[in-house]
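**Q** Following this message is one structure expressed as structure tokens.
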Amino acid sequence: MSYSFLQHYWWFIVSLLGAILVFLLFVQGGNSLLYCLGKTEQQRKLIMNSTGRKWEFTFTTLVTFGGGFFASFPLFYSTSFGGAYWLWMIILFTFVLQAVSYEFQSKAGNLLGQKTYRAFLILNGVVGPILLGGAVATFFTGSAFYVDKGNLTEAMPVISHWANNWHGLDALGNVWNVILGLAVFFLSRILGALYFINNIDEPDLVARSRRTLWGNTALFLVFFLAFLVRTLVADGFAVNPETGEIYMEPYKYLNNFLAMPLVLIVFLLGVVGVLWGIVRTLWKPAFDKGIWFAGIGTVLTVLALLLVAGYNNTAYYPSNVDLQSSLTLTNSCSSEFTLKTMAYVSILVPFVLAYIIYAWRSINNRKMDVKELEEKGEHAY
């Protein structure tokens with residue numbers, strides 16, 4: 001395995017984790033619909049317990065995604081997580097609030113009360129997807145940071161630093177970052193509604209979930225297509241493979257799709273999968289498998305976008321204040337020994353995925369209904 005192959009291999013692994021994370025945001029999207037869909041306390045309990053079966057998957061994937069970046073591309077980790085820390089801290093804080101809220105909202109005598117904990121869940125359902133989408137958008141729009149590896153010779157070296165005092169919140173000042181964040185938010189709500197249709201046996205709640213697909217799908221398409229078109233026609237951050245120099249290339253991301261037809265096919269299959277999952281659910285009232293078509297489509301679409309951001313001599317984390325500080329697969333990765341050792345360990349990934357699938361099927365062996373809530377009693381969320 002060559003060093004270049006290992007760099008590309010680990011970018012694929014990290015991109016796949018990121019894509020799975022976006023799919024699993026259906027938990028956040030579902031929670032943001034708590035009072036839109038749950039008109040009675042019983043329905044709200046069904047929603048809470050339905051997403052409560054899966055919130056650990058999302059949280060674990062988020063942590064694994066960050067850990068994968070740290071191990072394979074440590075300079076990105078130190079630059080983004082260390083520089084844009086306000087953005088990442090808010091994201092992590094809302095996810096911690098989510099975990100606490102699930103565990104304490106129904107406990108007798110809890111300090112803040114059930115409504116407060118549910119408000120925390122909704123906060124995570126709104127803020128989490130928007131900020132994660134905005135963070136991903138910076139892979140295409142750039143961030144404000146400097147990198148100087150010459151500082152390695154100092155007694156206490158600081159290789160990278162942020163160019164302003166906003167430390168990541170400045171990403172929200174770029175309208176295109178916000179647009180992708182909103183696209184991810186509405187996608188998470190679509191996936192949440194599709195999940196409820198597949199997972200809950202309550203006719204009124206399921207019917208309301210189907211109806212909410214119309215508005216959220218329309219808004220998702222507006223924001224996603226706007227960001228996609230802008231990205232394809234904008235100048236991109238290219239890398240000269242001979243010198244490592246970063247320069248702006250017209251239609252860079254469109255050129256990447258055309259230069260990598262397999263990635264383009266994956267992207268198109270993903271888009272079709274998402275749309276088919278939605279349309280089929282709206283078209284056929286008895287159809288409840290839309291979450292799988294839309295979910296797999298989401299993974300494929302996000303995977304393709306992240307591959308386009310890093311492959312084909314592209315700076316995946318560009319600096320918009322110092323072009324040559326931009327991070328690439330070559331200048332930000334771990335040593336060849338580290339990447340090779342981790343590559344052997346990654347052979348275990350399919351077994352982990354198999355366990356997740358098994359656990360998912362075991363948890364979802366039947367649709368959730370009022371009877372199951374009664375059986376759970378005090379153990380219900």
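Numbering starts fresh at 1 for the residues of each chain in the structure tokens, the chains themselves are lettered A, B, ... in the order given, and ligands are numbered from 1 as they appear.
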Could you pull the residues within 10 Å of region 264-272 of chain A, counting only C-alpha atoms, minus those fewer than 5 positions along the same chain, as a compact mmCIF listing (two decimals) with N, CA and C atoms, in the first residue's frame?
**A**
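Result file around-v7.txt:
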# COMPACT_ATOMS: atom_id res chain seq x y z
N LEU A 254 -17.18 20.72 -10.26
CA LEU A 254 -17.81 20.12 -11.44
C LEU A 254 -16.78 19.28 -12.19
N ASN A 256 -14.25 17.84 -10.90
CA ASN A 256 -13.98 16.64 -10.11
C ASN A 256 -15.01 15.55 -10.40
N PHE A 257 -16.27 15.94 -10.47
CA PHE A 257 -17.31 14.96 -10.81
C PHE A 257 -17.05 14.35 -12.18
N LEU A 258 -16.69 15.18 -13.15
CA LEU A 258 -16.47 14.69 -14.51
C LEU A 258 -15.21 13.83 -14.59
N ALA A 259 -14.21 14.15 -13.75
CA ALA A 259 -12.96 13.37 -13.76
C ALA A 259 -13.10 12.06 -13.00
N GLY A 277 -37.48 7.59 -2.05
CA GLY A 277 -38.00 7.30 -0.72
C GLY A 277 -39.11 8.26 -0.34
N ILE A 278 -38.95 9.54 -0.70
CA ILE A 278 -39.97 10.54 -0.38
C ILE A 278 -41.20 10.38 -1.26
N PHE A 293 -34.73 3.82 1.56
CA PHE A 293 -34.31 4.41 0.28
C PHE A 293 -33.69 5.78 0.50
N ALA A 294 -34.38 6.62 1.28
CA ALA A 294 -33.86 7.96 1.53
C ALA A 294 -32.60 7.93 2.38
N GLY A 295 -32.53 6.99 3.33
CA GLY A 295 -31.35 6.89 4.19
C GLY A 295 -30.11 6.47 3.44
N ILE A 296 -30.24 5.40 2.64
CA ILE A 296 -29.10 4.95 1.83
C ILE A 296 -28.74 6.02 0.81
N GLY A 297 -29.76 6.68 0.26
CA GLY A 297 -29.50 7.76 -0.69
C GLY A 297 -28.75 8.91 -0.05
N THR A 298 -29.09 9.23 1.20
CA THR A 298 -28.38 10.28 1.92
C THR A 298 -26.91 9.92 2.11
N VAL A 299 -26.64 8.68 2.51
CA VAL A 299 -25.26 8.24 2.71
C VAL A 299 -24.47 8.36 1.41
N LEU A 300 -25.05 7.90 0.30
CA LEU A 300 -24.34 7.94 -0.98
C LEU A 300 -24.11 9.37 -1.44
N THR A 301 -25.10 10.23 -1.28
CA THR A 301 -24.97 11.63 -1.73
C THR A 301 -23.90 12.36 -0.95
N VAL A 302 -23.95 12.26 0.38
CA VAL A 302 -22.97 12.96 1.22
C VAL A 302 -21.57 12.38 1.00
N LEU A 303 -21.49 11.06 0.87
CA LEU A 303 -20.19 10.43 0.60
C LEU A 303 -19.58 10.99 -0.68
N ALA A 304 -20.38 11.08 -1.74
CA ALA A 304 -19.87 11.60 -3.02
C ALA A 304 -19.41 13.05 -2.89
N LEU A 305 -20.18 13.87 -2.19
CA LEU A 305 -19.80 15.27 -2.01
C LEU A 305 -18.49 15.41 -1.26
N VAL A 308 -15.57 14.41 -3.47
CA VAL A 308 -15.29 15.49 -4.42
C VAL A 308 -14.51 16.61 -3.74
**Q** Using only C-alpha atoms, find each residue of region 13-99 of chain A with at least one atom at most 6 Å away from an atom of region 190-212 of chain A; report its shortest atom-to-atom pair and that distance in Å (one decimal), sort the rows by chain and rising residue number, and return the result as CSV.
**A**
residue,atom,partner,partner_atom,distance
A:Phe26,CA,A:Gly192,CA,4.3
A:Gly29,CA,A:Gly192,CA,5.1
A:Gly30,CA,A:Gly192,CA,4.0
**Q** Taking only C-alpha atoms into account, name the residue in A:Ile159, A:Leu262, A:Gly113, A:Leu323 that is nearest to Tyr77 (chain A).
**A**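 Residue with the minimum atom-to-atom distance to Tyr77 (chain A): A:Ile159.
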**Q** Which one of A:Lys371, A:Leu17, A:Leu353, A:Trp86 sits closest to Thr64 (chain A) if you count only C-alpha atoms?
**A**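 The closest residue to Thr64 (chain A) is A:Leu17.
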**Q** So that I can check the surroundings of Phe76 (chain A), please list as a short mmCIF file (atom, residue, chain, number, x, y, z; two decimals) with C-alpha atoms, in the first residue's frame every protein, DNA and RNA residue that reaches within 12 Å of it, counting only C-alpha atoms and ignoring chain neighbours fewer than 4 positions away.
**A**
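Done, and the output landed in part-v7.cif:
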data_model
loop_
_atom_site.label_atom_id
_atom_site.label_comp_id
_atom_site.auth_asym_id
_atom_site.auth_seq_id
_atom_site.Cartn_x
_atom_site.Cartn_y
_atom_site.Cartn_z
CA TRP A 11 -10.34 10.10 3.41
CA GLY A 66 -14.08 13.14 15.14
CA GLY A 67 -11.77 10.34 16.29
CA GLY A 68 -11.22 9.17 12.72
CA PHE A 69 -10.23 12.70 11.69
CA PHE A 70 -7.89 12.99 14.67
CA ALA A 71 -6.09 9.74 13.87
CA SER A 72 -5.83 10.09 10.09
CA SER A 80 -10.64 23.05 12.97
CA PHE A 81 -11.44 21.67 16.42
CA GLY A 82 -8.73 23.78 18.02
CA GLY A 83 -9.42 26.95 16.04
CA ALA A 84 -13.15 26.87 15.31
CA PHE A 139 -15.00 22.31 2.96
CA SER A 143 -12.39 29.03 6.69
CA PHE A 145 -7.09 30.13 9.56
CA TYR A 146 -3.32 30.19 9.13
CA VAL A 147 -0.93 27.23 9.20
CA ILE A 159 1.18 25.16 14.02
CA SER A 160 -2.21 26.65 13.21
CA HIS A 161 -4.30 29.50 14.55
CA ALA A 315 -7.80 21.16 -0.85
CA TYR A 316 -10.50 19.68 1.40
CA TYR A 317 -10.21 22.34 4.10
CA PRO A 318 -9.34 25.58 2.34
CA SER A 319 -8.23 28.78 4.01
CA SER A 325 -2.43 27.35 4.45
CA SER A 326 -5.23 25.21 2.99
CA LEU A 327 -5.23 21.57 4.06
CA THR A 328 -4.91 18.71 1.58
CA LEU A 329 -4.75 14.95 1.91
CA THR A 330 -0.98 15.19 1.53
CA ASN A 331 -0.04 18.02 3.89
CA SER A 332 -2.37 17.19 6.80
CA CYS A 333 -2.30 13.41 7.18
CA SER A 334 -0.65 11.14 9.74
#
**Q** Do you have the CA of Phe95 (chain A)-CA of Phe65 (chain A) distance handy?
**A**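 If I compute the distance from CA of Phe95 (chain A) to CA of Phe65 (chain A), I get 14.2 Å.
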**Q** Please report the interatomic distance between CA of Leu169 (chain A) and CA of Ile130 (chain A) in Å with one decimal.
**A**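 It comes out at 12.3 Å.
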**Q** Using only C-alpha atoms, which residue out of A:Phe104, A:Ile356, A:Ala183, A:Trp276 lies closest to Phe223 (chain A)?
**A**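 With only C-alpha atoms as the atom set, the closest residue is A:Ala183.
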**Q** Restricting the calculation to only C-alpha atoms, which member of A:Val222, A:Ala343, A:Leu348, A:Val229 is positioned closest to Phe5 (chain A)?
**A**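 Looking only at the distances to Phe5 (chain A), the closest residue turns out to be A:Ala343.
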**Q** Between region 79-144 of chain A and region 31-37 of chain A, at 9 Å or less, what are the per-residue closest atom pairs and their distances in Å? Count only C-alpha atoms, order by chain and rising residue number, and return it as JSON lines.
**A**
{"residue": "A:Arg118", "atom": "CA", "partner": "A:Leu34", "partner_atom": "CA", "distance": 8.5}
{"residue": "A:Leu121", "atom": "CA", "partner": "A:Asn31", "partner_atom": "CA", "distance": 6.2}
{"residue": "A:Ile122", "atom": "CA", "partner": "A:Ser32", "partner_atom": "CA", "distance": 4.7}
{"residue": "A:Leu123", "atom": "CA", "partner": "A:Ser32", "partner_atom": "CA", "distance": 7.5}
{"residue": "A:Asn124", "atom": "CA", "partner": "A:Ser32", "partner_atom": "CA", "distance": 8.0}
{"residue": "A:Gly125", "atom": "CA", "partner": "A:Ser32", "partner_atom": "CA", "distance": 4.8}
{"residue": "A:Val126", "atom": "CA", "partner": "A:Ser32", "partner_atom": "CA", "distance": 6.2}
**Q** Keeping only C-alpha atoms, take the residues you just selected and write them out as an mmCIF file, in the first residue's frame.
**A**
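Below is the file out15.cif, written as the result:
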data_model
loop_
_atom_site.group_PDB
_atom_site.id
_atom_site.type_symbol
_atom_site.label_atom_id
_atom_site.label_comp_id
_atom_site.auth_asym_id
_atom_site.auth_seq_id
_atom_site.Cartn_x
_atom_site.Cartn_y
_atom_site.Cartn_z
ATOM 1 C CA ARG A 118 -37.885 18.354 25.776
ATOM 2 C CA LEU A 121 -34.058 17.911 22.631
ATOM 3 C CA ILE A 122 -35.687 20.316 20.177
ATOM 4 C CA LEU A 123 -32.713 22.681 20.538
ATOM 5 C CA ASN A 124 -30.380 19.825 19.601
ATOM 6 C CA GLY A 125 -32.728 18.890 16.749
ATOM 7 C CA VAL A 126 -32.459 22.377 15.255
#
